[in-house]
file structure-v6.txt (compact mmCIF, C-alpha atoms)
# COMPACT_ATOMS: atom_id res chain seq x y z
CA MET I 255 0.00 0.00 0.00
CA ARG I 256 2.78 2.40 0.96
CA LYS I 257 4.66 1.58 -2.25
CA GLU I 258 1.54 2.32 -4.32
CA GLN I 259 1.15 5.69 -2.56
CA GLU I 260 4.77 6.54 -3.33
CA GLU I 261 4.28 5.63 -7.00
CA ASP I 262 1.16 7.82 -7.14
CA GLU I 263 3.07 10.70 -5.55
CA LYS I 264 5.85 10.35 -8.12
CA LEU I 265 3.30 10.56 -10.93
CA GLU I 266 1.37 13.47 -9.39
CA GLY I 267 4.40 15.46 -8.25
CA GLY I 268 5.93 18.41 -10.04
CA ARG I 269 9.27 18.71 -11.79
CA GLY I 270 11.15 20.97 -9.40
CA THR I 271 13.94 19.92 -7.04
CA TRP I 272 14.62 21.15 -3.50
CA LYS I 273 16.94 23.74 -5.04
CA HIS I 274 14.05 25.10 -7.11
CA ALA I 275 11.95 25.19 -3.92
CA ALA I 276 14.71 27.17 -2.22
CA PHE I 277 14.85 29.60 -5.17
CA HIS I 278 11.08 30.15 -5.11
CA VAL I 279 10.82 30.53 -1.31
CA ALA I 280 13.87 32.81 -1.08
CA THR I 281 12.59 34.93 -3.98
CA THR I 282 9.17 35.18 -2.36
CA ILE I 283 10.38 36.15 1.12
CA ALA I 284 13.83 37.69 0.87
CA THR I 285 13.01 40.60 -1.37
CA PRO I 286 14.82 43.94 -0.85
CA ALA I 287 11.40 45.50 -0.25
CA ALA I 288 11.07 43.14 2.72
CA TYR I 289 14.38 43.64 4.48
CA ALA I 290 15.20 47.20 3.36
CA PRO I 291 12.65 48.60 5.89
CA LEU I 292 13.96 46.41 8.74
CA PRO I 293 16.49 48.99 10.06
CA PHE I 294 13.60 51.48 10.29
CA ALA I 295 11.52 48.88 12.16
CA LEU I 296 14.37 48.39 14.64
CA ALA I 297 14.62 52.16 15.04
CA SER I 298 10.92 52.22 15.94
CA LEU I 299 11.37 49.52 18.59
CA GLY I 300 14.88 50.12 19.95
CA TRP I 301 17.72 47.63 20.21
CA PRO I 302 16.43 45.15 22.84
CA LEU I 303 12.82 44.82 21.63
CA GLY I 304 13.76 45.15 17.97
CA VAL I 305 16.33 42.34 18.07
CA CYS I 306 13.93 40.08 20.01
CA CYS I 307 11.10 40.68 17.52
CA LEU I 308 13.34 40.06 14.49
CA VAL I 309 14.89 36.86 15.85
CA GLY I 310 11.54 35.62 17.17
CA GLY I 311 9.84 36.34 13.85
CA THR I 312 12.53 34.41 11.98
CA ILE I 313 12.18 31.30 14.15
CA ALA I 314 8.37 31.41 14.22
CA THR I 315 7.94 31.79 10.47
CA TRP I 316 10.50 29.04 9.69
CA TYR I 317 8.61 26.73 12.04
CA SER I 318 5.27 27.72 10.48
CA SER I 319 6.60 27.08 6.98
CA LEU I 320 7.64 23.57 7.98
CA LEU I 321 4.15 23.00 9.40
CA VAL I 322 2.56 23.95 6.07
CA ALA I 323 5.00 21.71 4.18
CA SER I 324 4.15 18.80 6.52
CA LEU I 325 0.47 19.03 5.53
CA TRP I 326 1.18 17.94 1.95
CA LYS I 327 -1.45 15.28 1.11
CA TRP I 328 -2.36 15.07 4.80
CA ASP I 329 -5.70 13.46 3.89
CA GLY I 330 -4.42 11.52 0.89
CA ASN I 331 -5.40 14.23 -1.62
CA LYS I 332 -3.12 16.69 -3.38
CA HIS I 333 -3.93 20.31 -2.52
CA THR I 334 -2.16 22.53 -5.02
CA THR I 335 -3.07 25.90 -3.50
CA TYR I 336 -3.25 27.39 -0.01
CA ARG I 337 -6.99 27.88 -0.48
CA LEU I 338 -7.61 24.23 -1.29
CA LEU I 339 -5.44 23.11 1.64
CA ALA I 340 -7.41 25.38 4.00
CA LYS I 341 -10.70 24.06 2.59
CA SER I 342 -9.66 20.47 3.27
CA ILE I 343 -8.97 21.31 6.92
CA PHE I 344 -11.36 24.13 7.88
CA GLY I 345 -14.12 23.69 5.31
CA SER I 346 -15.51 26.34 2.94
CA TRP I 347 -14.85 29.23 5.36
CA GLY I 348 -11.16 28.28 5.28
CA TYR I 349 -11.15 28.45 1.48
CA TRP I 350 -12.71 31.91 1.37
CA SER I 351 -10.72 33.26 4.33
CA VAL I 352 -7.40 32.21 2.83
CA GLY I 353 -8.49 33.54 -0.55
CA MET I 354 -9.25 36.93 0.99
CA PHE I 355 -5.99 37.08 2.98
CA GLN I 356 -3.98 35.94 -0.05
CA GLN I 357 -5.46 38.67 -2.20
CA LEU I 358 -4.79 41.29 0.48
CA ALA I 359 -1.24 40.03 0.94
CA SER I 360 -0.40 39.70 -2.75
CA ILE I 361 -1.93 43.01 -3.81
CA GLY I 362 -0.49 44.91 -0.83
CA ASN I 363 2.90 43.29 -1.35
CA ASN I 364 2.98 44.16 -5.04
CA ILE I 365 1.97 47.77 -4.38
CA ALA I 366 4.80 48.09 -1.85
CA ILE I 367 7.47 46.45 -3.98
CA GLN I 368 6.43 48.33 -7.10
CA ILE I 369 7.00 51.56 -5.16
CA ALA I 370 10.38 50.18 -4.03
CA ALA I 371 11.35 49.21 -7.58
CA GLY I 372 10.36 52.65 -8.88
CA SER I 373 12.40 54.31 -6.11
CA SER I 374 15.46 52.22 -6.96
CA LEU I 375 15.16 52.95 -10.69
CA LYS I 376 14.81 56.65 -9.96
CA ALA I 377 17.89 56.56 -7.71
CA VAL I 378 19.95 55.03 -10.54
CA TYR I 379 18.60 57.62 -12.99
CA LYS I 380 19.43 60.50 -10.64
CA TYR I 381 22.98 59.21 -10.16
CA TYR I 382 23.65 59.59 -13.90
CA ASP I 383 21.48 62.67 -14.49
CA ARG I 384 21.09 64.83 -11.39
CA GLU I 385 19.09 67.43 -13.32
CA GLY I 386 16.76 64.86 -14.89
CA THR I 387 13.04 65.59 -14.81
CA LEU I 388 11.60 62.05 -14.81
CA THR I 389 9.42 61.40 -11.75
CA LEU I 390 8.94 58.41 -9.49
CA GLN I 391 5.57 57.74 -11.13
CA GLU I 392 7.18 57.30 -14.55
CA PHE I 393 9.57 54.68 -13.20
CA ILE I 394 6.70 52.89 -11.46
CA ILE I 395 4.90 52.72 -14.83
CA LEU I 396 8.07 51.45 -16.56
CA PHE I 397 8.41 48.66 -13.99
CA GLY I 398 4.73 47.80 -14.45
CA ILE I 399 5.23 47.33 -18.21
CA PHE I 400 8.14 44.95 -17.58
CA GLU I 401 6.04 42.92 -15.12
CA LEU I 402 3.21 42.73 -17.65
CA ILE I 403 5.61 41.01 -20.05
CA LEU I 404 6.71 38.51 -17.38
CA SER I 405 3.06 37.89 -16.51
CA GLN I 406 2.55 36.14 -19.84
CA PHE I 407 4.56 33.14 -18.59
CA PRO I 408 2.00 30.46 -17.66
CA ASP I 409 3.13 29.45 -14.14
CA ILE I 410 5.75 29.74 -11.38
CA HIS I 411 7.78 26.78 -12.64
CA SER I 412 8.25 28.46 -16.03
CA LEU I 413 10.06 31.27 -14.18
CA ARG I 414 12.38 28.97 -12.18
CA TRP I 415 15.62 30.11 -13.84
CA PHE I 416 14.64 33.76 -13.57
CA ASN I 417 13.96 33.15 -9.87
CA ALA I 418 17.40 31.55 -9.54
CA ILE I 419 18.88 34.82 -10.84
CA CYS I 420 16.64 36.71 -8.41
CA THR I 421 17.93 34.61 -5.50
CA LEU I 422 21.52 35.45 -6.45
CA SER I 423 20.46 39.10 -6.68
CA THR I 424 19.08 38.83 -3.14
CA ILE I 425 22.47 37.79 -1.80
CA ALA I 426 24.26 40.39 -3.95
CA PHE I 427 21.89 43.13 -2.80
CA ALA I 428 22.31 42.23 0.87
CA ALA I 429 26.11 42.08 0.57
CA THR I 430 26.32 45.37 -1.33
CA ALA I 431 23.78 47.23 0.82
CA THR I 432 25.34 45.96 4.05
CA GLY I 433 28.84 46.86 2.88
CA VAL I 434 27.82 50.38 1.86
CA THR I 435 25.85 50.80 5.08
CA ILE I 436 28.86 49.91 7.23
CA TYR I 437 31.07 52.15 5.05
CA ASP I 438 28.65 55.07 5.51
CA GLY I 439 28.41 54.35 9.23
CA LYS I 440 32.18 54.54 9.66
CA LYS I 441 32.35 57.78 7.67
CA THR I 442 29.72 59.36 9.92
CA ASP I 443 30.58 61.15 13.15
CA ARG I 444 29.36 58.51 15.63
CA SER I 445 28.70 61.13 18.30
CA LEU I 446 25.83 62.42 16.11
CA ILE I 447 24.07 59.06 15.91
CA ASP I 448 21.14 58.75 18.30
CA TYR I 449 19.41 55.44 19.09
CA ASN I 450 16.65 56.89 21.28
CA LEU I 451 13.03 56.48 20.16
CA GLN I 452 11.78 59.68 18.52
CA GLY I 453 8.57 61.68 19.03
CA THR I 454 5.83 61.93 21.63
CA ILE I 455 4.57 58.97 23.63
CA ASP I 456 1.69 58.47 21.19
CA THR I 457 4.04 58.62 18.20
CA LYS I 458 6.41 56.10 19.77
CA VAL I 459 3.59 53.68 20.53
CA PHE I 460 2.03 53.81 17.05
CA LYS I 461 5.44 53.58 15.34
CA ALA I 462 6.14 50.46 17.41
CA PHE I 463 2.79 48.98 16.34
CA SER I 464 3.59 49.74 12.71
CA ALA I 465 7.06 48.18 13.12
CA LEU I 466 5.45 44.89 14.14
CA GLY I 467 3.54 44.89 10.85
CA THR I 468 6.77 45.68 8.96
CA ILE I 469 8.57 42.71 10.54
CA ALA I 470 5.61 40.43 9.75
CA PHE I 471 5.73 41.67 6.15
CA SER I 472 9.44 40.88 5.91
CA PHE I 473 8.67 37.17 6.45
CA GLY I 474 5.63 37.11 4.19
CA ASP I 475 5.16 33.92 2.16
CA ALA I 476 1.53 33.21 1.35
CA MET I 477 2.40 30.80 -1.49
CA LEU I 478 4.01 27.72 0.08
CA PRO I 479 1.44 25.12 -1.12
CA GLU I 480 1.56 26.63 -4.61
CA ILE I 481 5.35 26.28 -4.60
CA GLN I 482 5.21 22.78 -3.09
CA SER I 483 2.89 21.57 -5.87
CA THR I 484 5.72 22.19 -8.38
CA ILE I 485 8.22 19.99 -6.48
CA LYS I 486 8.94 16.39 -7.44
CA TYR I 487 9.03 13.27 -5.24
CA PRO I 488 9.84 13.04 -2.34
CA VAL I 489 7.82 16.23 -2.03
CA LYS I 490 7.91 16.76 1.76
CA LYS I 491 11.61 16.03 2.08
CA ASN I 492 12.49 18.31 -0.82
CA MET I 493 10.28 21.06 0.57
CA TYR I 494 11.82 20.81 4.06
CA LYS I 495 15.28 21.13 2.52
CA GLY I 496 14.22 23.98 0.25
CA VAL I 497 12.55 25.95 3.06
CA SER I 498 15.52 25.49 5.41
CA CYS I 499 18.00 26.50 2.71
CA ALA I 500 15.93 29.59 1.92
CA TYR I 501 15.84 30.56 5.59
CA GLY I 502 19.61 30.22 5.76
CA ILE I 503 19.76 32.90 3.05
CA ILE I 504 17.16 34.95 4.93
CA VAL I 505 19.09 34.92 8.21
CA MET I 506 22.31 35.83 6.40
CA THR I 507 20.71 38.77 4.58
CA TYR I 508 17.99 40.04 6.95
CA TRP I 509 19.94 40.15 10.15
CA THR I 510 23.11 41.66 8.73
CA LEU I 511 21.31 44.48 6.91
CA ALA I 512 18.84 45.16 9.74
CA PHE I 513 21.53 45.41 12.42
CA SER I 514 24.11 47.27 10.30
CA GLY I 515 21.49 49.72 8.99
CA TYR I 516 20.25 50.64 12.45
CA TRP I 517 23.84 50.83 13.77
CA ALA I 518 24.93 53.12 10.93
CA PHE I 519 22.08 55.64 10.93
CA GLY I 520 20.34 55.20 14.28
CA SER I 521 16.88 56.68 14.69
CA GLN I 522 17.33 58.78 11.52
CA VAL I 523 17.33 55.78 9.19
CA GLN I 524 14.81 56.00 6.34
CA PRO I 525 11.92 53.51 5.80
CA TYR I 526 13.75 52.29 2.65
CA VAL I 527 17.32 52.00 3.88
CA LEU I 528 18.85 52.66 0.43
CA SER I 529 17.52 56.22 0.72
CA SER I 530 19.86 56.73 3.71
CA LEU I 531 23.01 55.78 1.78
CA THR I 532 25.28 58.53 0.47
CA VAL I 533 28.65 57.10 -0.67
CA PRO I 534 30.14 55.51 -2.71
CA GLY I 535 27.72 56.26 -5.54
CA TRP I 536 28.65 53.33 -7.81
CA ALA I 537 27.97 50.82 -5.02
CA ILE I 538 24.59 52.42 -4.28
CA VAL I 539 23.71 52.07 -7.99
CA MET I 540 24.64 48.37 -7.83
CA ALA I 541 22.48 47.83 -4.75
CA ASN I 542 19.51 49.50 -6.42
CA LEU I 543 19.89 47.44 -9.60
CA PHE I 544 20.13 44.20 -7.62
CA ALA I 545 16.97 45.28 -5.78
CA VAL I 546 15.04 45.81 -9.03
CA VAL I 547 16.06 42.41 -10.41
CA GLN I 548 15.05 40.57 -7.24
CA ILE I 549 11.77 42.47 -6.87
CA SER I 550 10.85 41.50 -10.43
CA GLY I 551 10.75 37.81 -9.50
CA CYS I 552 8.99 38.33 -6.19
CA TYR I 553 6.30 40.38 -7.92
CA GLN I 554 5.51 37.51 -10.26
CA ILE I 555 5.07 34.96 -7.49
CA TYR I 556 2.65 37.21 -5.62
CA CYS I 557 0.47 38.07 -8.57
CA ARG I 558 -0.13 34.38 -9.33
CA PRO I 559 -3.05 33.88 -6.87
CA THR I 560 -5.01 36.58 -8.70
CA TYR I 561 -4.08 35.12 -12.08
CA ALA I 562 -5.14 31.67 -10.81
CA TYR I 563 -8.55 33.12 -9.95
CA PHE I 564 -8.88 34.38 -13.53
CA GLU I 565 -7.79 30.98 -14.84
CA GLU I 566 -10.27 29.06 -12.68
CA ASN I 567 -13.30 31.30 -13.04
CA ILE I 568 -13.10 33.29 -16.25
CA PHE I 569 -11.25 31.50 -19.05
CA LEU I 570 -10.89 27.92 -17.84
CA ASN I 571 -12.26 26.49 -21.10
CA ARG I 572 -10.32 28.81 -23.41
CA LYS I 573 -7.71 27.08 -25.55
CA GLY I 574 -4.84 28.12 -27.80
CA TYR I 575 -4.56 31.73 -28.88
CA ARG I 576 -7.85 32.63 -27.16
CA ARG I 577 -6.35 31.66 -23.82
CA ILE I 578 -3.25 33.76 -24.55
CA ILE I 579 -5.40 36.78 -25.42
CA CYS I 580 -7.52 36.34 -22.28
CA ARG I 581 -4.38 36.09 -20.16
CA PHE I 582 -3.00 39.27 -21.70
CA PHE I 583 -6.18 41.26 -21.02
CA SER I 584 -6.65 39.95 -17.46
CA THR I 585 -3.02 40.56 -16.50
CA SER I 586 -3.17 44.02 -18.09
CA ILE I 587 -6.17 44.95 -15.92
CA TYR I 588 -4.31 43.74 -12.82
CA MET I 589 -1.14 45.65 -13.70
CA ILE I 590 -3.02 48.88 -14.46
CA ILE I 591 -4.79 48.80 -11.07
CA ILE I 592 -1.62 48.03 -9.07
CA THR I 593 0.44 50.59 -10.98
CA LEU I 594 -2.20 53.29 -10.52
CA ILE I 595 -2.38 52.77 -6.75
CA SER I 596 1.44 52.63 -6.44
CA ALA I 597 1.84 55.85 -8.40
CA ALA I 598 -0.96 57.68 -6.57
CA MET I 599 0.14 56.80 -3.02
CA PRO I 600 3.87 56.01 -3.02
CA PHE I 601 4.05 55.57 0.76
CA PHE I 602 6.34 52.55 0.84
CA GLY I 603 6.66 52.08 4.61
CA ASP I 604 2.92 52.38 5.23
CA PHE I 605 1.94 49.72 2.67
CA VAL I 606 4.62 47.39 4.00
CA ALA I 607 3.23 47.65 7.53
CA ILE I 608 -0.46 47.25 6.70
CA CYS I 609 0.20 44.42 4.25
CA GLY I 610 2.23 42.57 6.88
CA ALA I 611 -0.42 43.09 9.54
CA ILE I 612 -3.62 42.11 7.74
CA GLY I 613 -2.26 39.90 4.96
CA PHE I 614 0.84 37.97 5.93
CA THR I 615 0.38 37.58 9.70
CA PRO I 616 -2.77 35.43 9.42
CA LEU I 617 -1.37 33.37 6.53
CA ASP I 618 2.18 32.85 7.78
CA PHE I 619 1.73 32.56 11.53
CA VAL I 620 -1.86 32.08 12.72
CA LEU I 621 -3.39 29.71 10.14
CA PRO I 622 -0.42 27.27 9.83
CA ALA I 623 -0.38 26.74 13.60
CA LEU I 624 -4.15 26.14 13.77
CA ALA I 625 -4.23 24.03 10.59
CA PHE I 626 -1.62 21.63 11.94
CA LEU I 627 -3.68 21.14 15.11
CA MET I 628 -6.97 20.74 13.20
CA ALA I 629 -5.44 18.20 10.81
CA GLY I 630 -4.60 15.90 13.73
CA LYS I 631 -0.93 15.60 12.80
CA LEU I 632 0.32 15.74 16.40
CA PRO I 633 2.86 13.06 17.46
CA GLN I 634 1.80 10.13 19.63
CA ASN I 635 4.25 10.89 22.45
CA PRO I 636 2.16 12.65 25.18
CA SER I 637 4.89 15.06 26.29
CA LEU I 638 5.83 16.05 22.75
CA ARG I 639 2.15 16.30 21.82
CA THR I 640 1.47 18.72 24.69
CA CYS I 641 4.55 20.77 23.88
CA ILE I 642 3.68 21.20 20.19
CA ARG I 643 0.08 22.05 20.99
CA ALA I 644 1.24 24.74 23.45
CA ILE I 645 3.71 26.19 20.92
CA ASN I 646 1.12 26.33 18.14
CA LEU I 647 -1.55 27.94 20.30
CA SER I 648 0.97 30.47 21.62
CA ILE I 649 1.99 31.43 18.07
CA ALA I 650 -1.64 31.76 16.95
CA ILE I 651 -2.63 33.97 19.91
CA LEU I 652 0.52 36.12 19.96
CA PHE I 653 0.49 36.88 16.24
CA SER I 654 -3.23 37.61 16.26
CA PHE I 655 -2.38 40.50 18.58
CA VAL I 656 0.52 41.47 16.31
CA ALA I 657 -1.91 41.67 13.36
CA ILE I 658 -4.30 43.94 15.27
CA LEU I 659 -1.61 46.26 16.63
CA GLY I 660 0.28 46.41 13.32
CA CYS I 661 -2.91 47.32 11.47
CA ILE I 662 -3.68 50.14 13.90
CA GLY I 663 -0.19 51.62 13.54
CA ALA I 664 -0.16 51.32 9.75
CA VAL I 665 -3.60 52.88 9.22
CA ARG I 666 -2.60 55.84 11.38
CA SER I 667 0.58 56.33 9.30
CA ILE I 668 -1.36 56.26 6.02
CA VAL I 669 -3.88 58.80 7.32
CA LEU I 670 -1.06 61.16 8.37
CA ASP I 671 0.78 60.77 5.04
CA VAL I 672 -2.37 61.40 3.00
CA LYS I 673 -2.81 64.65 4.94
CA THR I 674 0.83 65.62 4.37
CA TYR I 675 1.29 64.71 0.69
CA LYS I 676 -0.84 65.10 -2.43
CA PHE I 677 -1.77 62.15 -4.60
CA PHE I 678 0.91 61.27 -7.19
CA HIS I 679 3.51 63.03 -5.07
CA ASP I 680 7.05 62.62 -6.46
CA MET I 681 8.74 61.22 -3.37

call {"tool": "encode", "arguments": {"input": "structure-v6.txt", "output": "structure tokens"}}
result
Amino acid sequence: MRKEQEEDEKLEGGRGTWKHAAFHVATTIATPAAYAPLPFALASLGWPLGVCCLVGGTIATWYSSLLVASLWKWDGNKHTTYRLLAKSIFGSWGYWSVGMFQQLASIGNNIAIQIAAGSSLKAVYKYYDREGTLTLQEFIILFGIFELILSQFPDIHSLRWFNAICTLSTIAFAATATGVTIYDGKKTDRSLIDYNLQGTIDTKVFKAFSALGTIAFSFGDAMLPEIQSTIKYPVKKNMYKGVSCAYGIIVMTYWTLAFSGYWAFGSQVQPYVLSSLTVPGWAIVMANLFAVVQISGCYQIYCRPTYAYFEENIFLNRKGYRRIICRFFSTSIYMIIITLISAAMPFFGDFVAICGAIGFTPLDFVLPALAFLMAGKLPQNPSLRTCIRAINLSIAILFSFVAILGCIGAVRSIVLDVKTYKFFHDM
């Protein structure tokens, strides 16, 4: 019986290896738009609390990712999307809840990273033409056109080699940005660097709330089952290896840039740390170009849930050139909407925080912990069973509070920025 199940899994599995899983997971999570705001998040929390939140978030999300991977064919059926996995465990409300959170996470994520990509492209442009008149909005539109072209690829697996390049760009970006950050920090008069929390009591509290959402965003990965469905036999083992390898890259990049960025600039660090860098110019250009390349791959992974909805509900029965035309029109509508919002409200830090709070926190922390308990996958050993149940419930409760507090802080920041800046403001 077991041998028959293994043969079935080999036939039903995807074509990707654990290395491809690592590329996809690393590209999805470790985007420059995710860890570039981490120094600012630390500045909003201070050294002790900031370090604890960052390290705790890393461990919790790695553990949660392994829980999701362990639920592959938990009931004997293959669930190729997060929504279908949730439906098999929680019923129809799980399907619709995950669908809603995925859309919030993917749309919010793509708005934030499109703003980040536009900012990086503008920074490169300004380095070569300081008197240039092109605005941030024009670079956001340019990036949107490039993503529309990539959107014509049929699925995540068809982008595997592009995502491999994006993963290398992640490491290159982190190394370059960290190096320049430390260089800038050493060039700065250290007596001028202040690590105290800034503002009134109310400001400090709401900035701390928003920082929790930013850290949750930095570990956002609402696509694990979709990635796992592309991996070949043995699926679980390959996914465990891929996730762990990806988190090795995440620790190496996140922690170094977060700690060095806060050390270098203190409480004056900008929400997008590249905006704080000053010299050397050529290295800053490199960091921004690496950021754009990596963001391009991440964007594609996060727009796929929306594209999948179009595929399943609008042009499922379309074949050949009609399917290609339908894909072009549906992806064009998506890109126009995301690009318009990004250009109109280019408040990068605010979208990062609110997306992390209401999109990624439920999907990456709360639901995996509860799903594992509901699926009855607990070990037989009584002590270990009690321990895992306690850990999962603690994660679900703690990060539910993080979602609420992060949302409050982020909404307040957006309201203040809308009052301060006009729509389509050239940041």

call {"tool": "closest_atom_pairs", "arguments": {"input": "structure-v6.txt", "of": "stretch 440-468 of chain I", "to": "stretch 290-299 of chain I", "cutoff": "6 Å", "atoms": "all atoms listed in the file", "output": "tab-separated table"}}
result
residue	atom	partner	partner_atom	distance
I:Lys461	CA	I:Ser298	CA	5.7
I:Ala462	CA	I:Ser298	CA	5.3
I:Ala465	CA	I:Ala295	CA	4.6

call {"tool": "residues_around", "arguments": {"input": "structure-v6.txt", "residues": "I:Tyr349", "least_positions_apart": "6", "cutoff": "9 Å", "atoms": "all atoms listed in the file", "output": "PyMOL selection string"}}
result
chain I and resi 336-342

call {"tool": "residues_around", "arguments": {"input": "structure-v6.txt", "residues": "stretch 662-675 of chain I", "least_positions_apart": "6", "cutoff": "6 Å", "atoms": "all atoms listed in the file", "output": "NGL selection string"}}
result
:I and (460 or 463-464 or 604 or 607-608)

call {"tool": "closest_residue", "arguments": {"input": "structure-v6.txt", "among": "I:Pro559, I:Gly496, I:Gly610, I:Pro616", "to": "I:Trp272", "atoms": "all atoms listed in the file"}}
result
I:Gly496

call {"tool": "atom_distance", "arguments": {"input": "structure-v6.txt", "atom1": "atom CA of I:Tyr553", "atom2": "atom CA of I:Asp383"}}
result
27.8 Å

call {"tool": "residues_around", "arguments": {"input": "structure-v6.txt", "residues": "I:Leu320", "least_positions_apart": "4", "cutoff": "7 Å", "atoms": "all atoms listed in the file", "output": "list of chain:residue names"}}
result
I:Trp316, I:Ser324, I:Tyr494

call {"tool": "atom_distance", "arguments": {"input": "structure-v6.txt", "atom1": "atom CA of I:Phe277", "atom2": "atom CA of I:Cys420"}}
result
8.0 Å

call {"tool": "atom_distance", "arguments": {"input": "structure-v6.txt", "atom1": "atom CA of I:Ile403", "atom2": "atom CA of I:Arg581"}}
result
11.1 Å

call {"tool": "closest_residue", "arguments": {"input": "structure-v6.txt", "among": "I:Gly551, I:Pro633, I:Gly348, I:Gly300", "to": "I:Pro286", "atoms": "only C-alpha atoms"}}
result
I:Gly551

call {"tool": "closest_residue", "arguments": {"input": "structure-v6.txt", "among": "I:Pro534, I:Ala284, I:Ala359, I:Phe513", "to": "I:Val305", "atoms": "only C-alpha atoms"}}
result
I:Phe513

call {"tool": "residues_around", "arguments": {"input": "structure-v6.txt", "residues": "stretch 375-377 of chain I", "least_positions_apart": "5", "cutoff": "10 Å", "atoms": "only C-alpha atoms", "output": "ChimeraX atom specification"}}
result
/I:369-370,382-384,386,388-394,396-397,528-529,538-539,542-543,545-546
